[in-house]
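Student: My structure is below; once you've seen it, I'll send some questions.
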Amino acid sequence: MVSDSSQNDFQVIKRVLNGSTHSYSALVEKYQPRLQIFCAQMLSSKEAGRDASQETFIKAFQSLKTFRADSSFAAWLFQIGRNHCIDLLRKNKRRPQSEYDEDRGYHHSNKTNFDSKIEAKDLTAKILRLLPEKYRELILLKESQDLTYEEIAKITSSSLESVKGRLKRARIEVIKIMKDFELKDNI
Amino acid sequence: MKKQDNDIFEAIDKGQDLDKYPEDLVSLVVDFKKDLKKVSDPDQIFVNQVMSRIRQEPQRKFPSFFEIFSWTPQIAGVLASLALFSFQQNFSDTSTGPTTYSSNVYFNDSIEKDPLFKKSSPDYSVLLHLELEE
């Protein structure tokens, strides 16, 4: 069952592929807020998130011919965005850690070098920063983007069962971090 | 941590009774979920920037004649390598039958039967004949 929103996206894509490049702005306008926040949360940086989402839209435009209408445009776009963010995170991991990172109270093996730019004022940002990358993306795709398990499975190139299992472990991890912060606050 | 605490996420989504979960934890998860869903309004500057970049980097099309022409040396190189490889394979293969140009097969089956080959061999019968005469 294709939703009305997806149906509209398909029509826009058809127009773009028929040569009406400017029609693509409708898709950028529609998905920019969601994609930008997703990339920013993946990379723990607003600036990096903005750049990454721009790159994602451009990559999506360049590959639009390969888009198949068997999935939603949103799922396809987020797949490109997710892969781009993972590439950036991997590139950043190869660089030496910044001094700012050394000064964190909570050490985690999956912390990224984008941490130095983090706006960790609130608990949500802190939790996302402390979540391992493999869990962070699932929490964001499910809780932030409201995507279905099927869409998440497609985006992460995993099986449905694997997504459900990992999401469960991701939620356990979120609650563990919440409780750690709660304990610290009460001391 | 109680094992079922992670079910708070699903319970909130499904509008189930949350009484069995610790109150403070429920409140934290509710805030977390709300925070994650916060999105900003569409940013027209962002849209313009993307569209401007797209106009500079047009959609990938089939390669033009000039692009294909520029690949000719590489294509020729690959074809030459393939031809050389194929040639070497044919002349080094001794396991196949006489339909190939295997050197052994050619030697065994053709050269020995070739009258020219026989003619080129020394004729020892002449020497024997001379010895007998002596």
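Each chain in the structure tokens gets a letter, A, B, ..., in the order shown, and its residues are numbered from 1; ligands are numbered from 1 in order too.
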As a PyMOL selection string, list the residues of chain A assigned to helix (DSSP H, G or I) by DSSP on the backbone atoms of this structure.
Tutor: chain A and resi 4-17+21-43+46-62+64-66+73-94+99-102+113-117+123-130+133-144+149-155+160-186
Student: Counting only C-alpha atoms, what is within 8 Å of Ile177 of chain A, bar same-chain residues fewer than 3 positions away, as a PyMOL selection string?
Tutor: chain A and resi 127+130+173-174+180-181
Student: Those same residues, written as a PDB file, in the first residue's frame with C-alpha atoms?
Tutor:
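The result, written out as again_20.pdb:
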```pdb
ATOM      1  CA  ILE A 127      22.339  10.120  25.409  1.00  0.00           C
ATOM      2  CA  LEU A 130      27.024   8.144  24.358  1.00  0.00           C
ATOM      3  CA  GLU A 173      21.220   0.979  26.357  1.00  0.00           C
ATOM      4  CA  VAL A 174      19.249   4.253  26.342  1.00  0.00           C
ATOM      5  CA  ASP A 180      23.364   6.550  35.046  1.00  0.00           C
ATOM      6  CA  PHE A 181      22.552  10.230  34.674  1.00  0.00           C
TER       7      PHE A 181
END
```
Student: Can you work out which residues from chain A touch chain B at a cut-off of 8 Å (counting only C-alpha atoms) and hand them back as number ranges by chain?
Tutor: A: 22, 24-25, 28-30, 32-34, 37, 54, 57-58, 61-63, 123-124, 140, 143-145, 168, 171-172, 175-176, 178-179
Student: Write out, as a compact mmCIF listing (two decimals), in the first residue's frame, the residues just selected, with C-alpha atoms.
Tutor:
```txt
# COMPACT_ATOMS: atom_id res chain seq x y z
CA HIS A 22 13.56 22.66 -10.36
CA TYR A 24 13.38 18.59 -7.03
CA SER A 25 13.18 21.57 -4.67
CA VAL A 28 14.31 19.09 -0.62
CA GLU A 29 11.80 21.36 1.14
CA LYS A 30 9.75 18.41 2.33
CA GLN A 32 15.18 18.86 4.69
CA PRO A 33 14.03 19.36 8.33
CA ARG A 34 13.91 15.61 9.02
CA ILE A 37 18.14 16.68 12.18
CA GLN A 54 23.12 18.84 1.60
CA PHE A 57 20.28 15.58 -1.39
CA ILE A 58 22.86 16.08 -4.13
CA PHE A 61 19.56 13.77 -7.20
CA GLN A 62 22.51 12.34 -9.09
CA SER A 63 21.26 8.78 -8.54
CA LEU A 123 19.98 14.92 28.21
CA THR A 124 18.81 13.79 24.77
CA LEU A 140 17.01 7.89 15.36
CA GLU A 143 12.05 7.29 17.41
CA SER A 144 13.00 10.43 15.55
CA GLN A 145 11.93 9.60 12.00
CA LYS A 168 15.56 -3.71 21.67
CA ARG A 171 16.49 0.87 23.99
CA ILE A 172 18.05 -1.07 26.88
CA ILE A 175 17.58 3.36 29.63
CA LYS A 176 20.93 2.35 31.11
CA MET A 178 19.31 7.53 31.56
CA LYS A 179 19.65 5.71 34.85
```
Student: Report the distance between atom CA of Asp9 of chain A and atom CA of Tyr31 of chain A in Å, rounded to one decimal place.
Tutor: 10.6 Å
Student: Excluding same-chain residues fewer than 4 positions from Ile152 of chain A, what lies within 9 Å of it counting only C-alpha atoms, as a list in words?
Tutor: Ala75, Gln79, Leu138, Leu141, Lys142, Leu147, Thr148, Thr156, Ser157, Ser158, Leu160 and Val163 of chain A
Student: List the neighbours of Leu77 of chain A out to 10 Å using only C-alpha atoms; skip same-chain residues closer than 6 positions along the sequence, and give me the result as a ChimeraX atom specification.
Tutor: /A:31,35,53,56-57,59-61,64,67,155
Student: How many Å lie between atom CA of Glu151 of chain A and atom CA of Tyr135 of chain A, rounded to one decimal?
Tutor: 16.0 Å
Student: So what do you get for atom CA of Phe38 of chain A versus atom CA of Leu128 of chain A, distance-wise?
Tutor: 11.2 Å
